[in-house]
Each structure stands twice: as C-alpha cells, then as structure tokens.
$ cat start-v9.txt   # compact mmCIF, C-alpha atoms
# COMPACT_ATOMS: atom_id res chain seq x y z
CA MET A 902 71.31 92.27 124.59
CA ASP A 903 75.09 92.05 124.53
CA ASP A 904 77.06 89.90 122.16
CA GLY A 905 80.81 89.26 122.02
CA ILE A 906 82.46 89.61 118.63
CA ALA A 907 86.07 89.69 117.45
CA VAL A 908 87.21 92.85 115.70
CA ASP A 909 89.01 91.96 112.46
CA PHE A 910 92.29 93.89 112.57
CA GLY A 911 93.48 92.35 109.32
CA GLU A 912 97.02 91.69 108.16
CA ASP A 913 98.53 94.94 109.41
CA GLY A 914 96.83 94.74 112.80
CA LEU A 915 94.85 97.94 112.28
CA VAL A 916 91.30 98.98 111.46
CA PRO A 917 90.20 102.35 110.06
CA ALA A 918 88.21 104.48 112.46
CA VAL A 919 85.99 107.37 111.40
CA ALA A 920 85.70 110.19 113.93
CA GLN A 921 82.37 111.98 113.82
CA ASP A 922 81.24 114.99 115.85
CA ALA A 923 78.66 113.47 118.20
CA GLU A 924 76.60 116.65 118.26
CA THR A 925 76.70 118.08 114.72
CA GLY A 926 77.31 114.84 112.80
CA GLU A 927 80.29 116.36 110.95
CA VAL A 928 82.81 113.75 109.84
CA LEU A 929 86.09 115.01 111.28
CA MET A 930 88.82 112.57 110.25
CA LEU A 931 89.80 109.00 109.54
CA ALA A 932 92.70 107.33 111.33
CA TYR A 933 93.80 103.81 112.21
CA VAL A 934 93.31 101.87 115.43
CA SER A 935 95.24 98.96 116.94
CA PRO A 936 93.81 96.62 119.58
CA GLU A 937 95.74 98.59 122.22
CA ALA A 938 94.41 101.92 120.90
CA LEU A 939 90.86 100.62 121.09
CA GLU A 940 91.38 99.33 124.63
CA ARG A 941 92.94 102.64 125.71
CA THR A 942 90.12 104.60 124.13
CA HIS A 943 87.54 102.52 125.97
CA GLU A 944 89.39 102.77 129.30
CA THR A 945 90.09 106.50 129.22
CA GLY A 946 87.17 107.87 127.20
CA VAL A 947 89.69 109.85 125.11
CA ALA A 948 90.36 108.94 121.47
CA HIS A 949 93.52 106.95 120.80
CA TYR A 950 94.76 105.84 117.39
CA TYR A 951 97.81 104.14 115.96
CA SER A 952 100.10 106.29 113.82
CA ARG A 953 101.22 104.36 110.75
CA SER A 954 103.89 106.94 109.91
CA ARG A 955 105.37 107.13 113.41
CA ASP A 956 104.56 103.49 114.13
CA GLU A 957 103.24 104.15 117.62
CA LEU A 958 100.16 104.47 119.78
CA TRP A 959 98.88 108.02 119.63
CA GLN A 960 96.53 109.99 121.84
CA LYS A 961 94.78 112.47 119.55
CA GLY A 962 95.49 116.04 120.66
CA LYS A 963 98.24 115.20 123.13
CA THR A 964 100.52 117.79 121.47
CA SER A 965 97.94 120.27 120.21
CA GLY A 966 95.41 120.05 123.02
CA HIS A 967 92.77 119.22 120.42
CA THR A 968 91.58 116.08 122.16
CA GLN A 969 88.49 114.03 121.44
CA ASP A 970 86.22 112.89 124.26
CA VAL A 971 84.63 109.70 123.01
CA GLU A 972 80.93 109.36 123.73
CA GLU A 973 80.43 106.09 121.88
CA VAL A 974 82.30 103.62 119.70
CA ARG A 975 80.48 101.67 117.03
CA VAL A 976 81.62 98.74 114.90
CA ASP A 977 80.40 97.94 111.42
CA CYS A 978 78.75 94.80 110.02
CA ASP A 979 82.04 93.16 109.01
CA ALA A 980 83.72 94.20 112.30
CA ASP A 981 86.60 95.74 110.36
CA THR A 982 85.80 99.46 110.72
CA LEU A 983 85.07 101.60 113.78
CA LEU A 984 83.12 104.81 114.27
CA TYR A 985 84.12 107.13 117.12
CA LEU A 986 81.39 109.57 118.15
CA VAL A 987 83.36 112.38 119.73
CA ASP A 988 83.28 115.76 121.38
CA GLN A 989 86.13 117.49 119.49
CA GLU A 990 88.17 120.16 121.26
CA GLY A 991 89.27 122.82 118.73
CA GLY A 992 89.96 121.36 115.30
CA ALA A 993 90.57 117.77 114.27
CA CYS A 994 92.91 118.61 111.39
CA HIS A 995 96.59 119.49 111.68
CA THR A 996 96.00 122.14 108.97
CA GLY A 997 93.83 124.11 111.39
CA HIS A 998 90.49 123.07 109.94
CA ARG A 999 87.67 121.74 112.04
CA SER A 1000 87.49 118.66 109.79
CA CYS A 1001 90.17 116.99 107.65
CA PHE A 1002 87.58 116.82 104.85
CA TYR A 1003 87.76 120.54 104.07
CA ARG A 1004 88.14 120.16 100.30
CA THR A 1005 85.46 119.23 97.80
CA ILE A 1006 86.32 117.56 94.50
CA ASN A 1007 85.10 119.40 91.40
CA GLY A 1008 86.86 117.33 88.76
CA VAL A 1009 88.58 113.95 88.38
CA SER A 1010 91.10 112.79 85.84
CA ALA A 1011 92.32 109.23 86.21
CA SER A 1012 95.35 108.18 84.27
CA GLU A 1013 96.70 104.70 83.72
CA ALA A 1014 100.39 104.40 84.35
CA ASN A 1015 102.83 101.79 83.14
CA GLY A 1016 102.36 98.36 84.65
CA GLY A 1017 98.61 98.73 85.01
CA SER A 1018 98.59 100.75 88.21
CA SER A 1019 96.69 103.99 87.92
CA THR A 1020 96.37 107.28 89.71
CA ALA A 1021 93.85 110.08 89.88
CA THR A 1022 94.33 113.82 89.90
CA VAL A 1023 91.47 115.84 91.27
CA ASP A 1024 90.50 119.51 91.17
CA VAL A 1025 89.60 120.63 94.66
CA GLU A 1026 88.01 123.65 96.27
CA ASN A 1027 88.46 124.61 99.90
CA VAL A 1028 85.06 124.65 101.60
CA GLY A 1029 86.09 123.96 105.21
CA GLU A 1030 86.16 126.06 108.30
CA ARG A 1031 89.54 126.98 109.75
CA VAL A 1032 89.38 127.14 113.53
CA PHE A 1033 93.03 127.53 114.57
CA ASP A 1034 96.42 128.58 113.30
CA PRO A 1035 98.58 125.43 113.01
CA GLU A 1036 101.82 127.40 113.33
CA ALA A 1037 100.74 128.75 116.69
CA VAL A 1038 99.77 125.29 117.92
CA TYR A 1039 102.57 123.06 116.66
CA ASP A 1040 105.44 125.57 116.59
CA ASP A 1041 107.23 124.59 119.75
CA MET B 241 89.74 128.71 93.67
CA ASP B 242 90.50 125.30 92.22
CA ASP B 243 93.65 123.37 92.84
CA GLY B 244 94.84 120.11 91.32
CA ILE B 245 96.10 117.44 93.71
CA ALA B 246 97.01 113.76 93.36
CA VAL B 247 95.00 111.32 95.42
CA ASP B 248 97.31 108.93 97.26
CA PHE B 249 96.00 105.44 96.48
CA GLY B 250 98.85 103.78 98.36
CA GLU B 251 100.42 100.39 97.81
CA ASP B 252 97.20 98.50 97.13
CA GLY B 253 95.80 101.14 94.77
CA LEU B 254 92.81 101.89 97.00
CA VAL B 255 91.66 104.59 99.40
CA PRO B 256 89.00 104.21 102.08
CA ALA B 257 85.80 106.17 101.42
CA VAL B 258 83.28 107.06 104.10
CA ALA B 259 79.67 107.32 102.88
CA GLN B 260 77.61 109.80 104.84
CA ASP B 261 73.91 110.63 104.43
CA ALA B 262 74.00 114.13 102.93
CA GLU B 263 70.78 115.15 104.67
CA THR B 264 70.87 113.55 108.13
CA GLY B 265 74.66 113.30 108.56
CA GLU B 266 74.43 109.62 109.49
CA VAL B 267 77.62 107.69 108.67
CA LEU B 268 76.39 104.80 106.54
CA MET B 269 79.39 102.68 105.59
CA LEU B 270 83.07 102.55 104.74
CA ALA B 271 84.31 100.94 101.55
CA TYR B 272 87.34 101.19 99.26
CA VAL B 273 87.79 103.16 96.07
CA SER B 274 90.12 102.68 93.10
CA PRO B 275 90.99 105.46 90.62
CA GLU B 276 88.48 103.97 88.20
CA ALA B 277 85.75 103.84 90.88
CA LEU B 278 86.36 107.50 91.70
CA GLU B 279 86.23 108.48 88.05
CA ARG B 280 83.03 106.46 87.49
CA THR B 281 81.43 108.01 90.59
CA HIS B 282 82.24 111.48 89.35
CA GLU B 283 80.99 110.77 85.82
CA THR B 284 77.73 109.07 86.76
CA GLY B 285 76.84 110.72 90.08
CA VAL B 286 76.23 107.25 91.52
CA ALA B 287 78.55 105.75 94.14
CA HIS B 288 81.09 103.23 92.87
CA TYR B 289 83.61 101.36 95.02
CA TYR B 290 86.16 98.61 94.56
CA SER B 291 85.36 95.28 96.17
CA ARG B 292 88.47 93.83 97.81
CA SER B 293 86.83 90.41 98.29
CA ARG B 294 85.50 90.11 94.74
CA ASP B 295 88.44 92.08 93.30
CA GLU B 296 86.29 94.19 90.99
CA LEU B 297 84.72 97.57 90.41
CA TRP B 298 81.37 97.70 92.15
CA GLN B 299 78.37 99.97 91.77
CA LYS B 300 76.74 100.18 95.18
CA GLY B 301 73.18 98.86 95.05
CA LYS B 302 73.38 97.37 91.58
CA THR B 303 72.01 94.06 92.93
CA SER B 304 69.87 95.32 95.79
CA GLY B 305 68.59 98.55 94.25
CA HIS B 306 69.97 100.40 97.29
CA THR B 307 71.97 102.88 95.27
CA GLN B 308 73.68 106.05 96.48
CA ASP B 309 73.28 109.29 94.54
CA VAL B 310 76.43 111.25 95.26
CA GLU B 311 75.92 114.93 95.99
CA GLU B 312 79.54 115.72 96.77
CA VAL B 313 82.92 114.03 97.18
CA ARG B 314 85.47 115.39 99.61
CA VAL B 315 89.12 114.52 100.09
CA ASP B 316 91.02 114.76 103.35
CA CYS B 317 94.18 116.71 104.24
CA ASP B 318 96.55 113.86 103.33
CA ALA B 319 94.57 113.06 100.15
CA ASP B 320 94.35 109.42 101.19
CA THR B 321 90.71 109.21 102.32
CA LEU B 322 87.46 110.24 100.61
CA LEU B 323 84.06 111.28 101.94
CA TYR B 324 80.99 110.59 99.78
CA LEU B 325 77.97 112.71 100.71
CA VAL B 326 75.08 110.62 99.44
CA ASP B 327 71.36 110.27 99.08
CA GLN B 328 70.93 106.63 100.14
CA GLU B 329 68.11 104.59 98.64
CA GLY B 330 66.83 102.04 101.20
CA GLY B 331 69.60 100.77 103.48
CA ALA B 332 73.37 100.89 103.04
CA CYS B 333 74.06 97.64 104.89
CA HIS B 334 73.67 94.13 103.50
CA THR B 335 72.23 93.09 106.88
CA GLY B 336 69.18 95.27 106.21
CA HIS B 337 70.20 98.13 108.47
CA ARG B 338 70.20 101.74 107.33
CA SER B 339 73.86 102.06 108.40
CA CYS B 340 76.59 99.43 108.69
CA PHE B 341 77.46 100.97 112.08
CA TYR B 342 74.39 99.52 113.82
CA ARG B 343 76.26 98.11 116.85
CA THR B 344 77.69 100.04 119.77
CA ILE B 345 80.62 98.72 121.78
CA ASN B 346 79.97 98.35 125.51
CA GLY B 347 83.15 96.53 126.48
CA VAL B 348 86.61 95.76 125.11
CA SER B 349 89.02 93.00 125.96
CA ALA B 350 92.29 92.99 124.08
CA SER B 351 94.46 89.92 124.24
CA GLU B 352 98.02 89.51 123.13
CA ALA B 353 98.57 86.44 121.03
CA ASN B 354 101.80 84.57 120.31
CA GLY B 355 104.24 86.43 118.13
CA GLY B 356 103.22 89.85 119.42
CA SER B 357 100.14 90.30 117.27
CA SER B 358 97.03 91.01 119.27
CA THR B 359 93.30 90.95 118.85
CA ALA B 360 90.32 92.52 120.56
CA THR B 361 86.99 91.03 121.50
CA VAL B 362 84.18 93.50 122.06
CA ASP B 363 80.74 93.32 123.64
CA VAL B 364 78.24 94.91 121.32
CA GLU B 365 74.63 96.00 121.47
CA ASN B 366 72.42 96.46 118.44
CA VAL B 367 71.22 100.07 118.30
CA GLY B 368 70.59 100.44 114.55
CA GLU B 369 67.47 100.74 112.51
CA ARG B 370 66.57 97.85 110.21
CA VAL B 371 64.94 99.13 107.03
CA PHE B 372 64.71 96.05 104.82
CA ASP B 373 64.75 92.25 104.94
CA PRO B 374 68.04 91.10 103.38
CA GLU B 375 66.59 87.67 102.44
CA ALA B 376 63.89 89.33 100.36
CA VAL B 377 66.43 91.55 98.61
CA TYR B 378 69.36 89.23 97.92
CA ASP B 379 67.57 85.86 97.65
CA ASP B 380 67.48 85.49 93.90
$ encode --input "start-v9.txt" --output "structure tokens"
Amino acid sequence: MDDGIAVDFGEDGLVPAVAQDAETGEVLMLAYVSPEALERTHETGVAHYYSRSRDELWQKGKTSGHTQDVEEVRVDCDADTLLYLVDQEGGACHTGHRSCFYRTINGVSASEANGGSSTATVDVENVGERVFDPEAVYDD
Amino acid sequence: MDDGIAVDFGEDGLVPAVAQDAETGEVLMLAYVSPEALERTHETGVAHYYSRSRDELWQKGKTSGHTQDVEEVRVDCDADTLLYLVDQEGGACHTGHRSCFYRTINGVSASEANGGSSTATVDVENVGERVFDPEAVYDD
C-alpha cells in the first residue's frame, strides 16, 4: 500500500539524512538534504545532499570518487529525517575513515558558560577503520 | 590514546544523535541532544535527549518504559553529530514500531513554491515491524 506524505523540511529547508551501509549496517555519516537533493537522489540512484557550508547541492563522492549507490530511502515517523541505505565506494569520511563516527567518547565534561548557553568537552578514542589517505584523494 | 575535543552544539545548542541497535545494527531513531543530555547519558548509561517541541531534557522511555541502555557514544568527524549504540527495550517509535524508519520511499515529487522555498511529497510503503500497541502504552 502506498501513501503520499509531505516531508517536513523545516525552517531552513533541510532535513538530516543518515547514511547507513546497506550490507553491514554500519552508520557512515549524517548530512543534510534539500527537496532537490532528495529528488536527484531518487532519480539517479546516487546519494545527493545539500552542503550547508558551501550552500549548494552536492553529489557525495563527486570529487573523491567515494560515491554512494542508494538502495533504499526511508523516512521517519515525523517525516523530518531520512535514512539512506547505501553501497559506499571507499570511505564515507573526508578524513579517510570508512565511517565519520570513528571516535568513541570515554568521558564528558559539560560546562555552563555565561548567558546560560553551555558546551561539552569530550575525551575521545579513535576506534575507526581508515580506508584511504585523504591527502592522496583530495590533493589536486 | 585519549584526546579532548569540543562538541559543536551550534546556534540552537543541540546536536542530532542517531540511535542504533548495538546488536542488530538497525537504525532506530534520530533525536537531538543538549550538553546536559549528553552529560546525563554518560553518567547514567541511559539515553537522554532534548525535546525541541516540549523544550526540555528528556529521558527516552521514561513514560513508555521503552528505555535505551547506552553501550557506547560516538562522535563524528566534525564533532556536530552523535551516534548512540543502544540496547532498546521494546520499540523506539511512539507509533509502536521497533524503528522510527518504518516507511520506505517509492516515489518523490518535489514542487517549488512561491518565494523559492520548495517542498517534497513522497509515496511511502510501510515496511517496519510493529512491536507494541501505542494506545496501550501511552493511554494513561
């Protein structure tokens, strides 16, 4: 049974999308998706996102060759988050790791700053697998 | 080797956190985390988030009993997204599904609205497993 629903892109016109390795289940990265990025992803079968820092539509891996073939896209209960199930070429992370989540948190210290806003400093340990040398990939 | 880094909570003081079943690898939900929620999660070993709609710290499953024991917390390369590896009691989704990502997208139609902002309507199909009756859990 198919049902039409509206994706809630919120005030900034973007939704977060989690990319997960369709075969191993490894969570690879989180990035943001615009309506156009979602449409392009669906049309081409290759993962597209929207870069908030560069303010533009972005085909993952266009520079590095580390593309993501999208096997399936899911939407969550509130229709404000997506899940891309992908076949990842090479590594998802610009640091050369297979997954962007290559660091585990061993300790947390939150500190309240002036004005009520607060931050957290965390102690991390690198537990991820490095699959390519970023200098060799991006250095041109 | 441990390293101290600052988590980037951004302008709204929150980071998105992906909750993944530590055993099966299933992506269960995405929610938002404040510095206090991260600290509380680390201290108690039970997943805490920050509810944007209720504007308050939130222990997942406090009402429903569907808590998440947190085995590990990871942080991504940009230190602006977290990954909770959890042991999920019952279902993560308030709809009664095991995962909030219980719908797959079969079609996408993006439409440009006035003023340049655009939306997307998607055709979805329910592919998720329902593990509890939400009326029986929340109806009190």
$ interface_residues --input "start-v9.txt" --of "chain B" --to "chain A" --cutoff "8 Å" --atoms "all atoms listed in the file" --output "ChimeraX atom specification"
/B:241-249,253,258,265-266,269-270,275-276,278-279,282,312-317,321-323,333,335,340-345,347-350,357-366
$ atom_distance --input "start-v9.txt" --atom1 "atom CA of Glu924 of chain A" --atom2 "atom CA of Val1038 of chain A"
24.7 Å
$ axis_aligned_box --input "start-v9.txt" --around "segment 977-992 of chain A" --padding-each-side "6 Å" --output "AutoDock Vina command-line options"
--center_x 84.4 --center_y 108.0 --center_z 115.2 --size_x 23.2 --size_y 41.7 --size_z 24.4
$ closest_residue --input "start-v9.txt" --among "B:Arg338, B:Val273, B:Val326, B:Val371" --to "Asp295 of chain B" --atoms "all atoms listed in the file"
B:Val273
$ atom_distance --input "start-v9.txt" --atom1 "atom CA of Ala287 of chain B" --atom2 "atom CA of Pro374 of chain B"
20.3 Å
$ atom_distance --input "start-v9.txt" --atom1 "atom CA of Thr307 of chain B" --atom2 "atom CA of Val916 of chain A"
25.5 Å
$ closest_residue --input "start-v9.txt" --among "B:Tyr272, B:Thr303, B:Gln308, B:Gly331" --to "Tyr290 of chain B" --atoms "all atoms listed in the file"
B:Tyr272
$ closest_residue --input "start-v9.txt" --among "A:Ser965, A:Gln989, A:Ser952, A:Thr945" --to "Glu1036 of chain A" --atoms "all atoms listed in the file"
A:Ser965
$ decode --input "start-v9.txt" --residues "chain B" --atoms "C-alpha atoms" --output "mmCIF file, in the first residue's frame"
data_model
loop_
_atom_site.group_PDB
_atom_site.id
_atom_site.type_symbol
_atom_site.label_atom_id
_atom_site.label_comp_id
_atom_site.auth_asym_id
_atom_site.auth_seq_id
_atom_site.Cartn_x
_atom_site.Cartn_y
_atom_site.Cartn_z
ATOM 1 C CA MET B 241 45.076 7.337 23.201
ATOM 2 C CA ASP B 242 42.543 9.836 24.501
ATOM 3 C CA ASP B 243 42.014 13.273 23.091
ATOM 4 C CA GLY B 244 39.814 16.094 24.329
ATOM 5 C CA ILE B 245 37.566 17.783 21.778
ATOM 6 C CA ALA B 246 34.696 20.271 21.984
ATOM 7 C CA VAL B 247 31.352 19.111 20.664
ATOM 8 C CA ASP B 248 29.876 21.729 18.335
ATOM 9 C CA PHE B 249 26.324 22.308 19.575
ATOM 10 C CA GLY B 250 25.720 25.055 17.028
ATOM 11 C CA GLU B 251 23.403 28.034 17.241
ATOM 12 C CA ASP B 252 20.488 26.233 18.862
ATOM 13 C CA GLY B 253 22.643 24.418 21.425
ATOM 14 C CA LEU B 254 21.744 20.968 20.095
ATOM 15 C CA VAL B 255 23.324 18.218 18.018
ATOM 16 C CA PRO B 256 21.469 15.444 16.209
ATOM 17 C CA ALA B 257 22.019 11.973 17.671
ATOM 18 C CA VAL B 258 21.365 8.751 15.770
ATOM 19 C CA ALA B 259 20.298 5.807 17.944
ATOM 20 C CA GLN B 260 21.375 2.461 16.558
ATOM 21 C CA ASP B 261 20.657 -1.011 17.955
ATOM 22 C CA ALA B 262 24.072 -2.112 19.246
ATOM 23 C CA GLU B 263 23.391 -5.758 18.443
ATOM 24 C CA THR B 264 21.457 -5.802 15.159
ATOM 25 C CA GLY B 265 22.726 -2.511 13.692
ATOM 26 C CA GLU B 266 19.187 -1.309 12.996
ATOM 27 C CA VAL B 267 18.900 2.491 12.957
ATOM 28 C CA LEU B 268 16.120 3.196 15.449
ATOM 29 C CA MET B 269 15.596 6.955 15.585
ATOM 30 C CA LEU B 270 17.133 10.399 15.381
ATOM 31 C CA ALA B 271 16.688 12.943 18.148
ATOM 32 C CA TYR B 272 18.506 16.000 19.481
ATOM 33 C CA VAL B 273 20.957 16.277 22.353
ATOM 34 C CA SER B 274 21.943 19.218 24.563
ATOM 35 C CA PRO B 275 25.178 19.345 26.594
ATOM 36 C CA GLU B 276 23.174 18.390 29.681
ATOM 37 C CA ALA B 277 21.519 15.446 27.874
ATOM 38 C CA LEU B 278 24.931 14.174 26.786
ATOM 39 C CA GLU B 279 26.321 14.505 30.288
ATOM 40 C CA ARG B 280 23.280 12.744 31.797
ATOM 41 C CA THR B 281 23.532 9.944 29.218
ATOM 42 C CA HIS B 282 27.175 9.421 30.054
ATOM 43 C CA GLU B 283 26.560 9.484 33.816
ATOM 44 C CA THR B 284 23.545 7.178 33.888
ATOM 45 C CA GLY B 285 24.151 4.891 30.897
ATOM 46 C CA VAL B 286 20.559 5.544 29.807
ATOM 47 C CA ALA B 287 19.769 7.600 26.703
ATOM 48 C CA HIS B 288 18.753 11.203 27.290
ATOM 49 C CA TYR B 289 17.779 13.696 24.588
ATOM 50 C CA TYR B 290 16.434 17.223 24.414
ATOM 51 C CA SER B 291 12.857 17.605 23.210
ATOM 52 C CA ARG B 292 12.588 20.545 20.819
ATOM 53 C CA SER B 293 8.765 20.516 20.935
ATOM 54 C CA ARG B 294 8.498 20.336 24.733
ATOM 55 C CA ASP B 295 11.698 22.355 25.214
ATOM 56 C CA GLU B 296 13.060 20.118 27.964
ATOM 57 C CA LEU B 297 15.538 17.415 28.840
ATOM 58 C CA TRP B 298 14.002 14.038 28.100
ATOM 59 C CA GLN B 299 14.871 10.540 29.231
ATOM 60 C CA LYS B 300 13.858 8.224 26.407
ATOM 61 C CA GLY B 301 11.229 5.740 27.580
ATOM 62 C CA LYS B 302 10.501 7.393 30.907
ATOM 63 C CA THR B 303 6.764 7.335 30.111
ATOM 64 C CA SER B 304 6.567 4.247 27.917
ATOM 65 C CA GLY B 305 9.179 2.091 29.639
ATOM 66 C CA HIS B 306 10.943 1.760 26.273
ATOM 67 C CA THR B 307 14.310 2.880 27.560
ATOM 68 C CA GLN B 308 17.673 2.691 25.813
ATOM 69 C CA ASP B 309 20.717 1.383 27.665
ATOM 70 C CA VAL B 310 23.662 3.074 26.022
ATOM 71 C CA GLU B 311 26.644 0.853 25.341
ATOM 72 C CA GLU B 312 28.725 3.458 23.547
ATOM 73 C CA VAL B 313 28.536 7.031 22.269
ATOM 74 C CA ARG B 314 30.439 8.063 19.169
ATOM 75 C CA VAL B 315 31.082 11.500 17.719
ATOM 76 C CA ASP B 316 31.589 12.270 14.048
ATOM 77 C CA CYS B 317 34.499 13.945 12.235
ATOM 78 C CA ASP B 318 33.058 17.460 12.554
ATOM 79 C CA ALA B 319 32.015 16.853 16.180
ATOM 80 C CA ASP B 320 28.490 18.009 15.378
ATOM 81 C CA THR B 321 26.635 14.674 15.323
ATOM 82 C CA LEU B 322 26.478 11.813 17.831
ATOM 83 C CA LEU B 323 25.804 8.100 17.475
ATOM 84 C CA TYR B 324 24.255 6.253 20.428
ATOM 85 C CA LEU B 325 24.773 2.485 20.314
ATOM 86 C CA VAL B 326 21.898 1.192 22.415
ATOM 87 C CA ASP B 327 20.109 -1.791 23.816
ATOM 88 C CA GLN B 328 16.498 -0.820 23.045
ATOM 89 C CA GLU B 329 13.734 -2.010 25.354
ATOM 90 C CA GLY B 330 10.521 -2.612 23.344
ATOM 91 C CA GLY B 331 10.177 -0.193 20.429
ATOM 92 C CA ALA B 332 11.903 3.128 19.790
ATOM 93 C CA CYS B 333 8.981 4.706 17.933
ATOM 94 C CA HIS B 334 5.888 6.238 19.504
ATOM 95 C CA THR B 335 3.840 4.643 16.700
ATOM 96 C CA GLY B 336 4.640 1.204 18.115
ATOM 97 C CA HIS B 337 7.286 0.295 15.561
ATOM 98 C CA ARG B 338 10.697 -1.015 16.532
ATOM 99 C CA SER B 339 12.329 1.766 14.465
ATOM 100 C CA CYS B 340 11.051 5.213 13.519
ATOM 101 C CA PHE B 341 12.270 4.485 9.966
ATOM 102 C CA TYR B 342 9.433 2.056 9.203
ATOM 103 C CA ARG B 343 8.479 3.569 5.828
ATOM 104 C CA THR B 344 10.352 3.267 2.561
ATOM 105 C CA ILE B 345 10.056 5.912 -0.149
ATOM 106 C CA ASN B 346 8.893 4.627 -3.528
ATOM 107 C CA GLY B 347 8.411 7.951 -5.286
ATOM 108 C CA VAL B 348 9.362 11.610 -4.916
ATOM 109 C CA SER B 349 7.746 14.714 -6.309
ATOM 110 C CA ALA B 350 9.372 17.993 -5.422
ATOM 111 C CA SER B 351 7.488 21.182 -6.069
ATOM 112 C CA GLU B 352 8.757 24.711 -5.996
ATOM 113 C CA ALA B 353 6.544 27.040 -4.020
ATOM 114 C CA ASN B 354 6.309 30.824 -4.171
ATOM 115 C CA GLY B 355 9.314 32.642 -2.834
ATOM 116 C CA GLY B 356 11.770 29.956 -3.902
ATOM 117 C CA SER B 357 11.234 27.599 -0.995
ATOM 118 C CA SER B 358 10.284 24.115 -2.070
ATOM 119 C CA THR B 359 8.759 21.005 -0.618
ATOM 120 C CA ALA B 360 8.673 17.329 -1.479
ATOM 121 C CA THR B 361 5.821 14.877 -1.388
ATOM 122 C CA VAL B 362 6.802 11.222 -1.230
ATOM 123 C CA ASP B 363 4.975 7.950 -1.770
ATOM 124 C CA VAL B 364 5.733 5.626 1.096
ATOM 125 C CA GLU B 365 5.200 1.990 1.925
ATOM 126 C CA ASN B 366 5.167 0.590 5.442
ATOM 127 C CA VAL B 367 7.934 -1.998 5.783
ATOM 128 C CA GLY B 368 8.587 -1.819 9.537
ATOM 129 C CA GLU B 369 7.880 -4.171 12.366
ATOM 130 C CA ARG B 370 5.266 -3.138 14.921
ATOM 131 C CA VAL B 371 6.238 -4.358 18.380
ATOM 132 C CA PHE B 372 3.709 -2.683 20.677
ATOM 133 C CA ASP B 373 0.298 -1.010 20.691
ATOM 134 C CA PRO B 374 0.860 2.716 21.302
ATOM 135 C CA GLU B 375 -2.669 3.186 22.729
ATOM 136 C CA ALA B 376 -1.975 0.614 25.427
ATOM 137 C CA VAL B 377 1.334 2.254 26.309
ATOM 138 C CA TYR B 378 0.567 5.968 26.234
ATOM 139 C CA ASP B 379 -3.160 5.966 27.114
ATOM 140 C CA ASP B 380 -2.949 6.935 30.749
#
